[in-house]
$ cat query27.tsv   # TSV, C-alpha atoms
chain	number	residue	atom	x	y	z
A	1239	MET	CA	4.91	27.81	-21.66
A	1240	LYS	CA	4.33	24.08	-22.04
A	1241	LYS	CA	8.09	23.38	-21.88
A	1242	ILE	CA	8.40	25.44	-18.68
A	1243	ARG	CA	5.48	23.54	-17.12
A	1244	ILE	CA	7.00	20.16	-18.08
A	1245	TYR	CA	10.41	21.12	-16.69
A	1246	GLY	CA	8.70	22.35	-13.53
A	1247	ILE	CA	6.90	19.05	-13.06
A	1248	ILE	CA	10.14	17.09	-13.59
A	1249	LEU	CA	11.96	19.26	-11.04
A	1250	LEU	CA	9.13	18.84	-8.54
A	1251	LEU	CA	9.21	15.06	-8.93
A	1252	LEU	CA	12.98	14.95	-8.41
A	1253	LEU	CA	12.77	17.14	-5.33
A	1254	THR	CA	9.90	15.07	-3.95
A	1255	VAL	CA	11.90	11.85	-4.34
A	1256	CYS	CA	14.90	13.43	-2.65
A	1257	SER	CA	12.81	14.81	0.20
A	1258	GLY	CA	11.14	11.42	0.65
A	1259	ILE	CA	14.55	9.77	0.95
A	1260	MET	CA	15.61	12.34	3.52
A	1261	GLN	CA	12.41	11.86	5.47
A	1262	ASN	CA	12.69	8.07	5.61
A	1263	LYS	CA	16.21	8.38	7.01
A	1264	CYS	CA	14.79	10.21	10.04
A	1265	PHE	CA	14.38	7.28	12.39
A	1266	ALA	CA	12.97	7.67	15.90
A	1267	TYR	CA	14.16	4.49	17.57
A	1268	ALA	CA	12.47	3.33	20.73
A	1269	GLU	CA	14.70	2.95	23.71
A	1270	GLU	CA	12.68	0.04	25.08
A	1271	ASN	CA	13.73	-3.50	24.28
A	1272	PHE	CA	10.20	-4.87	24.78
A	1273	ASP	CA	11.70	-8.31	25.45
A	1274	LEU	CA	10.00	-9.81	22.38
A	1275	THR	CA	9.91	-13.50	21.64
A	1276	ALA	CA	9.49	-12.58	17.96
A	1277	LYS	CA	12.53	-13.04	15.74
A	1278	SER	CA	11.84	-9.81	13.92
A	1279	ALA	CA	9.59	-6.79	14.44
A	1280	ILE	CA	8.92	-3.23	13.34
A	1281	LEU	CA	6.71	-0.29	14.26
A	1282	MET	CA	6.22	2.29	11.51
A	1283	ASP	CA	4.32	5.55	11.22
A	1284	TYR	CA	1.97	5.23	8.25
A	1285	ASN	CA	2.06	8.81	7.01
A	1286	SER	CA	5.78	9.56	7.15
A	1287	GLY	CA	7.21	6.05	6.94
A	1288	THR	CA	9.29	6.80	10.05
A	1289	ILE	CA	10.51	3.68	11.82
A	1290	ILE	CA	9.76	4.04	15.52
A	1291	TYR	CA	11.05	0.64	16.61
A	1292	GLU	CA	12.72	-2.27	14.90
A	1293	LYS	CA	14.24	-5.62	15.68
A	1294	ASP	CA	16.09	-7.19	12.72
A	1295	LYS	CA	13.63	-5.52	10.36
A	1296	ASP	CA	15.43	-6.72	7.20
A	1297	LYS	CA	16.03	-10.30	8.29
A	1298	LYS	CA	14.76	-12.79	5.70
A	1299	LEU	CA	12.28	-15.14	7.35
A	1300	PRO	CA	9.29	-17.32	6.46
A	1301	ILE	CA	6.10	-15.35	7.14
A	1302	ALA	CA	3.40	-18.02	6.69
A	1303	SER	CA	-0.01	-16.65	5.64
A	1304	MET	CA	1.17	-13.05	5.69
A	1305	VAL	CA	2.20	-13.93	2.11
A	1306	LYS	CA	-1.50	-13.52	1.31
A	1307	MET	CA	-1.15	-9.76	1.77
A	1308	MET	CA	0.38	-9.67	-1.71
A	1309	THR	CA	-2.54	-11.74	-3.08
A	1310	ILE	CA	-4.88	-9.21	-1.48
A	1311	TYR	CA	-2.95	-6.22	-2.80
A	1312	ILE	CA	-2.84	-7.47	-6.38
A	1313	THR	CA	-6.56	-8.28	-6.27
A	1314	PHE	CA	-7.32	-4.70	-5.26
A	1315	GLN	CA	-5.02	-3.43	-8.00
A	1316	LYS	CA	-6.93	-5.47	-10.57
A	1317	LEU	CA	-10.26	-4.27	-9.19
A	1318	GLU	CA	-9.14	-0.65	-9.33
A	1319	SER	CA	-7.99	-0.97	-12.94
A	1320	GLY	CA	-11.23	-2.66	-13.99
A	1321	TYR	CA	-9.44	-5.86	-15.01
A	1322	ILE	CA	-11.81	-7.77	-12.71
A	1323	LYS	CA	-15.09	-6.92	-10.96
A	1324	TYR	CA	-16.39	-7.79	-7.49
A	1325	GLU	CA	-19.35	-9.74	-8.88
A	1326	GLN	CA	-17.24	-11.53	-11.49
A	1327	GLU	CA	-17.14	-15.28	-10.92
A	1328	PHE	CA	-14.09	-17.54	-10.93
A	1329	THR	CA	-14.51	-21.28	-11.38
A	1330	SER	CA	-12.78	-23.29	-8.66
A	1331	SER	CA	-10.38	-25.98	-9.80
A	1332	GLU	CA	-9.73	-29.38	-8.27
A	1333	ASN	CA	-6.41	-27.97	-7.11
A	1334	VAL	CA	-8.27	-25.27	-5.17
A	1335	SER	CA	-10.55	-27.79	-3.45
A	1336	LYS	CA	-7.58	-29.86	-2.27
A	1337	MET	CA	-5.73	-27.08	-0.48
A	1338	GLY	CA	-4.77	-27.81	3.11
A	1339	GLY	CA	-4.32	-25.56	6.12
A	1340	SER	CA	-6.77	-22.72	6.78
A	1341	GLN	CA	-9.55	-22.82	4.22
A	1342	VAL	CA	-13.24	-22.25	3.56
A	1343	PHE	CA	-13.70	-25.73	2.04
A	1344	MET	CA	-14.50	-24.67	-1.50
A	1345	ASP	CA	-16.21	-27.13	-3.85
A	1346	PRO	CA	-14.47	-27.96	-7.14
A	1347	TYR	CA	-15.76	-26.85	-10.55
A	1348	VAL	CA	-18.26	-24.30	-9.24
A	1349	ASN	CA	-18.32	-20.50	-9.41
A	1350	TYR	CA	-17.45	-18.08	-6.61
A	1351	THR	CA	-17.52	-14.29	-6.85
A	1352	VAL	CA	-14.34	-12.28	-6.49
A	1353	LYS	CA	-15.97	-10.50	-3.56
A	1354	ASP	CA	-16.56	-13.72	-1.63
A	1355	LEU	CA	-13.08	-15.03	-2.39
A	1356	LEU	CA	-11.43	-11.78	-1.30
A	1357	LYS	CA	-13.47	-11.63	1.91
A	1358	SER	CA	-12.48	-15.24	2.69
A	1359	VAL	CA	-8.79	-14.43	2.28
A	1360	ILE	CA	-8.85	-11.19	4.28
A	1361	MET	CA	-10.99	-12.50	7.14
A	1362	ALA	CA	-10.30	-16.23	7.36
A	1363	SER	CA	-6.89	-16.47	5.65
A	1364	ALA	CA	-8.34	-19.12	3.34
A	1365	ASN	CA	-5.71	-20.95	1.28
A	1366	ASP	CA	-8.27	-22.28	-1.18
A	1367	ALA	CA	-9.75	-18.83	-1.82
A	1368	SER	CA	-6.28	-17.36	-2.26
A	1369	VAL	CA	-5.37	-19.91	-4.94
A	1370	ALA	CA	-8.76	-19.40	-6.61
A	1371	LEU	CA	-8.00	-15.68	-6.91
A	1372	ALA	CA	-4.52	-16.43	-8.23
A	1373	GLU	CA	-5.82	-18.82	-10.88
A	1374	GLY	CA	-8.70	-16.54	-11.81
A	1375	ILE	CA	-6.49	-13.48	-12.26
A	1376	SER	CA	-3.45	-15.02	-13.95
A	1377	GLY	CA	-4.64	-18.39	-15.28
A	1378	SER	CA	-2.42	-20.37	-12.92
A	1379	GLU	CA	-0.86	-19.91	-9.52
A	1380	GLY	CA	2.60	-20.10	-11.09
A	1381	GLU	CA	1.89	-17.12	-13.35
A	1382	PHE	CA	0.37	-15.24	-10.43
A	1383	VAL	CA	3.50	-15.82	-8.34
A	1384	LYS	CA	5.56	-14.17	-11.09
A	1385	LEU	CA	3.26	-11.17	-10.81
A	1386	MET	CA	3.68	-11.21	-7.01
A	1387	ASN	CA	7.46	-11.02	-7.28
A	1388	ASP	CA	7.34	-8.32	-9.95
A	1389	THR	CA	4.99	-6.28	-7.77
A	1390	ALA	CA	7.26	-6.72	-4.74
A	1391	LYS	CA	10.15	-5.23	-6.74
A	1392	THR	CA	7.98	-2.30	-7.81
A	1393	LEU	CA	7.10	-1.57	-4.17
A	1394	GLY	CA	10.76	-1.71	-3.10
A	1395	MET	CA	10.36	-4.94	-1.13
A	1396	ASN	CA	14.00	-5.95	-1.54
A	1397	ASN	CA	14.04	-8.81	0.96
A	1398	THR	CA	11.01	-10.72	-0.27
A	1399	TYR	CA	10.60	-13.70	-2.59
A	1400	TYR	CA	7.35	-15.56	-3.18
A	1401	VAL	CA	6.86	-19.18	-4.22
A	1402	ASN	CA	3.09	-19.48	-3.74
A	1403	SER	CA	0.06	-17.26	-3.11
A	1404	THR	CA	-0.80	-18.74	0.29
A	1405	GLY	CA	2.27	-18.82	2.52
A	1406	LEU	CA	2.20	-22.59	2.85
A	1407	PRO	CA	5.73	-23.84	3.70
A	1408	ALA	CA	8.26	-23.53	0.87
A	1409	PRO	CA	12.03	-23.45	1.51
A	1410	GLU	CA	12.72	-20.67	-1.00
A	1411	GLN	CA	9.97	-18.33	0.22
A	1412	TYR	CA	10.79	-15.45	2.56
A	1413	SER	CA	10.12	-11.85	3.49
A	1414	CYS	CA	11.01	-9.44	6.30
A	1415	ALA	CA	9.27	-7.16	8.78
A	1416	TYR	CA	10.07	-3.97	6.87
A	1417	ASP	CA	8.70	-5.35	3.58
A	1418	CYS	CA	5.52	-6.55	5.29
A	1419	ALA	CA	4.99	-3.05	6.72
A	1420	ILE	CA	5.50	-1.50	3.28
A	1421	LEU	CA	3.01	-3.93	1.75
A	1422	LEU	CA	0.27	-3.26	4.33
A	1423	LYS	CA	0.93	0.48	3.93
A	1424	ASN	CA	0.00	0.11	0.25
A	1425	ILE	CA	-3.02	-2.10	0.93
A	1426	LEU	CA	-4.39	0.48	3.36
A	1427	LYS	CA	-4.75	2.97	0.51
A	1428	TYR	CA	-7.76	1.00	-0.72
A	1429	ASP	CA	-10.89	2.09	1.14
A	1430	ASP	CA	-12.70	-1.13	0.18
A	1431	TYR	CA	-10.10	-3.17	2.07
A	1432	HIS	CA	-11.51	-1.89	5.37
A	1433	LYS	CA	-15.00	-3.12	4.44
A	1434	PHE	CA	-13.64	-6.66	4.84
A	1435	SER	CA	-10.78	-6.25	7.35
A	1436	THR	CA	-13.05	-4.82	10.06
A	1437	ILE	CA	-15.59	-7.67	9.97
A	1438	TRP	CA	-15.30	-9.92	13.03
A	1439	MET	CA	-17.70	-12.72	12.04
A	1440	ASP	CA	-19.50	-13.56	8.80
A	1441	SER	CA	-20.24	-16.55	6.60
A	1442	LEU	CA	-19.58	-17.78	3.07
A	1443	THR	CA	-22.51	-19.31	1.24
A	1444	HIS	CA	-21.33	-21.90	-1.29
A	1445	PRO	CA	-23.15	-22.40	-4.63
A	1446	SER	CA	-24.68	-25.57	-3.19
A	1447	GLY	CA	-26.24	-23.59	-0.33
A	1448	ARG	CA	-23.79	-24.95	2.23
A	1449	LYS	CA	-22.38	-22.31	4.61
A	1450	THR	CA	-18.91	-21.88	6.09
A	1451	GLU	CA	-18.58	-19.62	9.11
A	1452	LEU	CA	-15.87	-16.97	8.87
A	1453	VAL	CA	-14.08	-15.56	11.92
A	1454	ASN	CA	-11.42	-12.90	11.58
A	1455	THR	CA	-8.03	-14.40	12.45
A	1456	ASN	CA	-6.78	-10.99	13.64
A	1457	LYS	CA	-8.07	-10.74	17.21
A	1458	LEU	CA	-6.82	-7.17	17.56
A	1459	ILE	CA	-9.71	-6.12	15.33
A	1460	ARG	CA	-12.02	-6.85	18.22
A	1461	TYR	CA	-9.84	-6.23	21.26
A	1462	TYR	CA	-7.42	-3.40	20.43
A	1463	ASN	CA	-8.70	0.16	20.29
A	1464	GLY	CA	-8.25	1.59	16.80
A	1465	CYS	CA	-7.13	-1.60	15.06
A	1466	ASP	CA	-8.92	-1.92	11.73
A	1467	SER	CA	-6.65	-4.12	9.62
A	1468	GLY	CA	-4.00	-6.80	9.57
A	1469	LYS	CA	-2.96	-10.27	8.54
A	1470	THR	CA	-1.98	-13.24	10.68
A	1471	GLY	CA	0.21	-16.20	9.81
A	1472	SER	CA	1.49	-19.31	11.53
A	1473	THR	CA	3.35	-22.46	10.52
A	1474	GLY	CA	5.91	-24.65	12.24
A	1475	GLU	CA	8.78	-23.00	10.38
A	1476	ALA	CA	7.52	-19.40	10.59
A	1477	GLY	CA	6.21	-19.40	14.13
A	1478	TYR	CA	3.40	-16.97	14.89
A	1479	CYS	CA	3.25	-13.78	12.84
A	1480	LEU	CA	1.08	-10.68	12.63
A	1481	THR	CA	1.07	-7.53	10.53
A	1482	SER	CA	-1.48	-5.04	11.89
A	1483	SER	CA	-2.44	-1.40	11.83
A	1484	ALA	CA	-4.33	0.88	14.19
A	1485	VAL	CA	-5.29	4.55	14.09
A	1486	ARG	CA	-5.83	7.02	16.93
A	1487	ASN	CA	-5.98	10.83	16.94
A	1488	ASN	CA	-5.07	11.19	13.25
A	1489	MET	CA	-2.03	8.91	13.64
A	1490	ARG	CA	-1.93	5.49	12.01
A	1491	LEU	CA	0.76	3.01	13.03
A	1492	ILE	CA	1.79	-0.25	11.36
A	1493	SER	CA	3.16	-3.09	13.45
A	1494	VAL	CA	4.82	-6.33	12.33
A	1495	VAL	CA	6.00	-9.28	14.42
A	1496	ILE	CA	7.50	-12.37	12.82
A	1497	GLY	CA	8.29	-15.64	14.54
A	1498	ALA	CA	6.69	-15.15	17.94
A	1499	LYS	CA	6.63	-18.27	20.10
A	1500	THR	CA	2.86	-18.56	20.56
A	1501	GLY	CA	-0.34	-17.18	19.11
A	1502	LYS	CA	-0.91	-15.16	22.27
A	1503	ASP	CA	2.62	-13.75	22.06
A	1504	ARG	CA	2.10	-12.29	18.59
A	1505	PHE	CA	-0.96	-10.35	19.78
A	1506	LYS	CA	0.60	-9.34	23.09
A	1507	GLU	CA	3.85	-8.18	21.47
A	1508	SER	CA	2.03	-6.30	18.72
A	1509	THR	CA	-0.04	-4.59	21.41
A	1510	SER	CA	3.08	-3.63	23.37
A	1511	ILE	CA	4.82	-1.87	20.50
A	1512	LEU	CA	1.61	-0.21	19.29
A	1513	ASN	CA	0.96	1.06	22.82
A	1514	TYR	CA	4.46	2.51	22.92
A	1515	GLY	CA	3.92	4.33	19.65
A	1516	PHE	CA	0.58	5.85	20.59
A	1517	ALA	CA	1.80	6.85	24.06
A	1518	ASN	CA	4.97	8.59	22.94
A	1519	PHE	CA	4.43	9.99	19.44
A	1520	GLU	CA	1.93	12.14	17.57
A	1521	ASN	CA	1.04	13.44	14.12
A	1522	LYS	CA	0.21	17.09	13.51
A	1523	GLN	CA	-1.42	17.88	10.17
A	1524	LEU	CA	0.46	20.73	8.51
A	1525	VAL	CA	-1.03	20.40	5.02
A	1526	ASN	CA	-4.62	19.42	4.23
A	1527	LYS	CA	-5.44	18.52	0.63
A	1528	VAL	CA	-9.10	19.45	1.18
A	1529	ASN	CA	-8.50	23.03	2.31
A	1530	VAL	CA	-8.04	25.82	-0.24
A	1531	LEU	CA	-4.61	27.34	0.38
A	1532	LYS	CA	-5.00	30.38	-1.81
A	1533	GLU	CA	-7.10	31.95	-4.54
A	1534	LEU	CA	-5.22	33.06	-7.67
A	1535	SER	CA	-6.35	35.44	-10.36
A	1536	THR	CA	-6.48	34.01	-13.90
A	1537	LYS	CA	-5.53	35.29	-17.34
A	1538	LYS	CA	-7.78	34.87	-20.37
A	1539	CYS	CA	-9.99	32.33	-18.62
A	1540	LYS	CA	-13.71	31.87	-18.03
A	1541	ASN	CA	-13.00	31.67	-14.31
A	1542	ASP	CA	-11.80	34.90	-12.69
A	1543	ILE	CA	-10.44	33.06	-9.68
A	1544	ALA	CA	-8.70	29.68	-9.29
A	1545	GLU	CA	-8.81	27.88	-5.94
A	1546	ILE	CA	-5.47	26.24	-5.14
A	1547	ILE	CA	-5.17	23.03	-3.10
A	1548	PRO	CA	-2.31	20.61	-2.25
A	1549	VAL	CA	-2.22	17.24	-4.05
A	1550	GLU	CA	-1.70	15.38	-0.77
A	1551	ASP	CA	-1.84	15.72	3.00
A	1552	PHE	CA	1.19	16.07	5.22
A	1553	PHE	CA	1.45	15.12	8.88
A	1554	ALA	CA	4.43	16.09	11.00
A	1555	PHE	CA	5.51	13.05	13.01
A	1556	ASP	CA	7.30	13.71	16.28
A	1557	LYS	CA	7.66	12.73	19.89
A	1558	LYS	CA	4.96	14.17	22.11
A	1559	GLY	CA	6.13	17.43	23.62
A	1560	SER	CA	8.86	17.86	21.03
A	1561	SER	CA	10.03	21.40	20.31
A	1562	SER	CA	10.89	20.62	16.68
A	1563	ASN	CA	10.40	23.65	14.45
A	1564	TYR	CA	8.52	23.05	11.20
A	1565	ASN	CA	8.27	25.71	8.52
A	1566	VAL	CA	5.71	25.62	5.68
A	1567	THR	CA	6.43	27.77	2.62
A	1568	VAL	CA	4.02	28.20	-0.31
A	1569	GLU	CA	5.41	29.01	-3.75
A	1570	LEU	CA	2.90	30.15	-6.41
A	1571	PRO	CA	2.83	32.48	-9.40
A	1572	GLU	CA	0.78	35.68	-9.23
A	1573	SER	CA	-1.75	34.32	-11.72
A	1574	ILE	CA	-2.38	31.30	-13.95
A	1575	GLY	CA	-3.92	30.49	-17.31
A	1576	ALA	CA	-6.09	27.55	-18.34
A	1577	THR	CA	-5.31	24.64	-16.01
A	1578	LYS	CA	-6.78	21.20	-15.41
A	1579	VAL	CA	-7.13	19.49	-12.05
A	1580	GLY	CA	-3.90	17.61	-11.32
A	1581	GLU	CA	-1.62	19.97	-13.21
A	1582	ILE	CA	1.09	21.33	-10.92
A	1583	VAL	CA	1.02	25.11	-10.60
A	1584	GLY	CA	3.15	25.55	-7.49
A	1585	ARG	CA	4.48	23.79	-4.43
A	1586	VAL	CA	4.51	23.63	-0.66
A	1587	ILE	CA	7.95	23.23	0.91
A	1588	ILE	CA	8.05	21.76	4.42
A	1589	SER	CA	11.24	22.11	6.42
A	1590	LYS	CA	12.26	20.82	9.82
A	1591	GLU	CA	15.09	22.50	11.69
A	1592	GLY	CA	16.15	24.14	8.41
A	1593	ASN	CA	16.18	20.90	6.36
A	1594	VAL	CA	13.66	20.26	3.58
A	1595	ILE	CA	11.77	17.07	4.42
A	1596	LYS	CA	8.85	17.21	1.98
A	1597	ILE	CA	7.74	19.01	-1.18
A	1598	ILE	CA	4.08	18.83	-2.18
A	1599	GLY	CA	2.65	19.96	-5.49
A	1600	LEU	CA	-0.20	22.46	-5.72
A	1601	THR	CA	-3.02	22.18	-8.22
A	1602	VAL	CA	-6.42	23.73	-8.93
A	1603	LYS	CA	-9.51	22.52	-7.11
A	1604	ASN	CA	-11.56	22.71	-10.32
A	1605	ASP	CA	-10.62	22.96	-13.98
A	1606	VAL	CA	-9.84	26.51	-15.08
A	1607	GLU	CA	-11.16	26.89	-18.64
A	1608	GLY	CA	-9.50	29.17	-21.15
A	1609	LEU	CA	-11.48	31.58	-23.30
A	1610	SER	CA	-12.59	30.25	-26.67
A	1611	PHE	CA	-12.41	32.27	-29.89
A	1612	ILE	CA	-16.08	33.15	-29.55
A	1613	ASP	CA	-15.55	34.23	-25.94
A	1614	ASN	CA	-12.75	36.56	-27.05
A	1615	VAL	CA	-14.89	38.06	-29.80
A	1616	LYS	CA	-17.72	38.67	-27.31
A	1617	ASN	CA	-15.30	40.39	-24.94
A	1618	ILE	CA	-13.97	42.62	-27.71
A	1619	ILE	CA	-17.50	43.63	-28.74
A	1620	ALA	CA	-18.46	44.24	-25.09
A	1621	ASN	CA	-15.46	46.51	-24.60
A	1622	MET	CA	-16.36	48.56	-27.66
A	1623	TYR	CA	-19.52	49.92	-26.02
$ encode --input "query27.tsv" --output "structure tokens"
Amino acid sequence: MKKIRIYGIILLLLLTVCSGIMQNKCFAYAEENFDLTAKSAILMDYNSGTIIYEKDKDKKLPIASMVKMMTIYITFQKLESGYIKYEQEFTSSENVSKMGGSQVFMDPYVNYTVKDLLKSVIMASANDASVALAEGISGSEGEFVKLMNDTAKTLGMNNTYYVNSTGLPAPEQYSCAYDCAILLKNILKYDDYHKFSTIWMDSLTHPSGRKTELVNTNKLIRYYNGCDSGKTGSTGEAGYCLTSSAVRNNMRLISVVIGAKTGKDRFKESTSILNYGFANFENKQLVNKVNVLKELSTKKCKNDIAEIIPVEDFFAFDKKGSSSNYNVTVELPESIGATKVGEIVGRVIISKEGNVIKIIGLTVKNDVEGLSFIDNVKNIIANMY
């Protein structure tokens, strides 16, 4: 039984990978040119990964402070794993206090909490706070950069190479619009990220009592309906850049523009492609991981019934008014034995126009406990009378 379950899980994983590849090949290119000043751009649906619009999405370019998205992502990874804590303090180095460009003017040789450093990077794009996080997590910025590049490979960011944690000019450092979209897509999985990304104005209180005012560099947070996240960047070599995301009517879109001519252009051009996406496309939820799909009977278990739920949501992405035909098929056994939450007991197969585009595992909503020896003895005795 265990071997069958293991083989089933392996098969499900392989099919899921294959269906994911098929799904990402389903591009819905925009017909509009948008007349962008940006050198590179992309508009991506968050849930499906479908590329709605792109302009040289894989072109290797400097991206300025959008490099800090990787600093942010790794920090959240370390927080999630328990490697660091929000209230943990990192001691600022002299190197940190001498950083140029956008900064929060950190004092040297004093302690700042991870929470304050992270907020300063997300809101104010602070170079000094970014380096402080890098040094605090890895011991040095150089070691942290190695971790950044390793993480980029893990995420499939094939056209990205980091030299520092800030995005300050470096000839060897580059990324592309597609990789930036993939990175923000992963950052958005952390609920705590939105606690900082949605703040318009705040302040950082230094250990000395001195305060630095923080203003979110992403103006779309305040002025674009549904925008709740993003990262700006600008240098002479990179031009004006912005990775942003907005959500409306259950559809989240991710926009990236790299190398726009002016600061206003990066916001205007991001707005244009986001507007196009929201006006012409929609997401319909076909699978909801919260809803119980079916109740199964159990064998030799304390629970008579097991509630079955999907392990993830699925949204069908399409043009508004599309007549695309989606089919959802549920495959489950007639009954199950002892099962823990997360164990795969079946699958949902989603097809579009006859082609499988997604396979989602099914699990139990609550642990299904098997009968103990004592339970079996009690049942035998009960059945005797």
$ closest_residue --input "query27.tsv" --among "A:Ser1467, A:Thr1473, A:Thr1443, A:Asn1456" --to "Phe1505 (chain A)" --atoms "all atoms listed in the file"
A:Asn1456
$ closest_residue --input "query27.tsv" --among "A:Asn1513, A:Thr1601, A:Thr1481, A:Ser1335" --to "Asn1529 (chain A)" --atoms "only C-alpha atoms"
A:Thr1601
$ atom_distance --input "query27.tsv" --atom1 "CA of Lys1423 (chain A)" --atom2 "CA of Asp1283 (chain A)"
9.5 Å
$ residues_around --input "query27.tsv" --residues "Asn1463 (chain A)" --least-positions-apart "5" --cutoff "10 Å" --atoms "all atoms listed in the file" --output "list in words"
Leu1458, Ala1484, Val1485, Arg1486 and Thr1509 of chain A
$ closest_residue --input "query27.tsv" --among "A:Tyr1431, A:Lys1538, A:Ser1562, A:Ser1573" --to "Asn1593 (chain A)" --atoms "only C-alpha atoms"
A:Ser1562
$ residues_around --input "query27.tsv" --residues "Thr1404 (chain A)" --least-positions-apart "3" --cutoff "10 Å" --atoms "all atoms listed in the file" --output "MDAnalysis selection string"
chainID A and resid 1302:1309 1337 1339:1340 1359 1363:1369 1372 1379 1400:1401 1407 1471
$ closest_atom_pairs --input "query27.tsv" --of "region 1449-1484 of chain A" --to "region 1273-1281 of chain A" --cutoff "12 Å" --atoms "only C-alpha atoms" --output "CSV"
residue,atom,partner,partner_atom,distance
A:Glu1475,CA,A:Lys1277,CA,11.9
A:Ala1476,CA,A:Lys1277,CA,9.6
A:Gly1477,CA,A:Ala1276,CA,8.5
A:Tyr1478,CA,A:Ala1276,CA,8.1
A:Cys1479,CA,A:Ala1276,CA,8.2
A:Leu1480,CA,A:Ala1279,CA,9.5
A:Thr1481,CA,A:Ile1280,CA,9.4
A:Ser1482,CA,A:Leu1281,CA,9.8
A:Ser1483,CA,A:Leu1281,CA,9.5
A:Ala1484,CA,A:Leu1281,CA,11.1
$ residues_around --input "query27.tsv" --residues "Asn1349 (chain A)" --least-positions-apart "6" --cutoff "7 Å" --atoms "only C-alpha atoms" --output "list in words"
Glu1327, Phe1328, Thr1329 and Ser1330 of chain A
$ closest_residue --input "query27.tsv" --among "A:Ala1408, A:Leu1299, A:Ile1375, A:Val1348" --to "Ile1322 (chain A)" --atoms "all atoms listed in the file"
A:Ile1375
$ closest_residue --input "query27.tsv" --among "A:Ser1331, A:Gln1315, A:Asn1565, A:Thr1470" --to "Ile1360 (chain A)" --atoms "only C-alpha atoms"
A:Thr1470
$ closest_residue --input "query27.tsv" --among "A:Ala1370, A:Val1495, A:Val1352, A:Ile1595" --to "Gly1468 (chain A)" --atoms "all atoms listed in the file"
A:Val1495
$ residues_near_point --input "query27.tsv" --point "(3.2, 7.6, 5.9)" --cutoff "9 Å" --atoms "all atoms listed in the file" --output "VMD selection string"
chain A and resid 1282 to 1288 1423 1490 to 1491 1552 to 1553
$ residues_around --input "query27.tsv" --residues "Val1383 (chain A)" --least-positions-apart "3" --cutoff "6 Å" --atoms "only C-alpha atoms" --output "VMD selection string"
chain A and resid 1380 1386 1402
$ atom_distance --input "query27.tsv" --atom1 "CA of Lys1469 (chain A)" --atom2 "CA of Gly1394 (chain A)"
19.9 Å
$ axis_aligned_box --input "query27.tsv" --around "region 1528-1536 of chain A" --padding-each-side "3 Å" --output "AutoDock Vina command-line options"
--center_x -6.9 --center_y 27.4 --center_z -5.8 --size_x 10.5 --size_y 22.0 --size_z 22.2
$ residues_around --input "query27.tsv" --residues "Ala1419 (chain A)" --least-positions-apart "3" --cutoff "7 Å" --atoms "all atoms listed in the file" --output "count of residues only"
7
$ atom_distance --input "query27.tsv" --atom1 "CA of Phe1516 (chain A)" --atom2 "CA of Phe1555 (chain A)"
11.6 Å
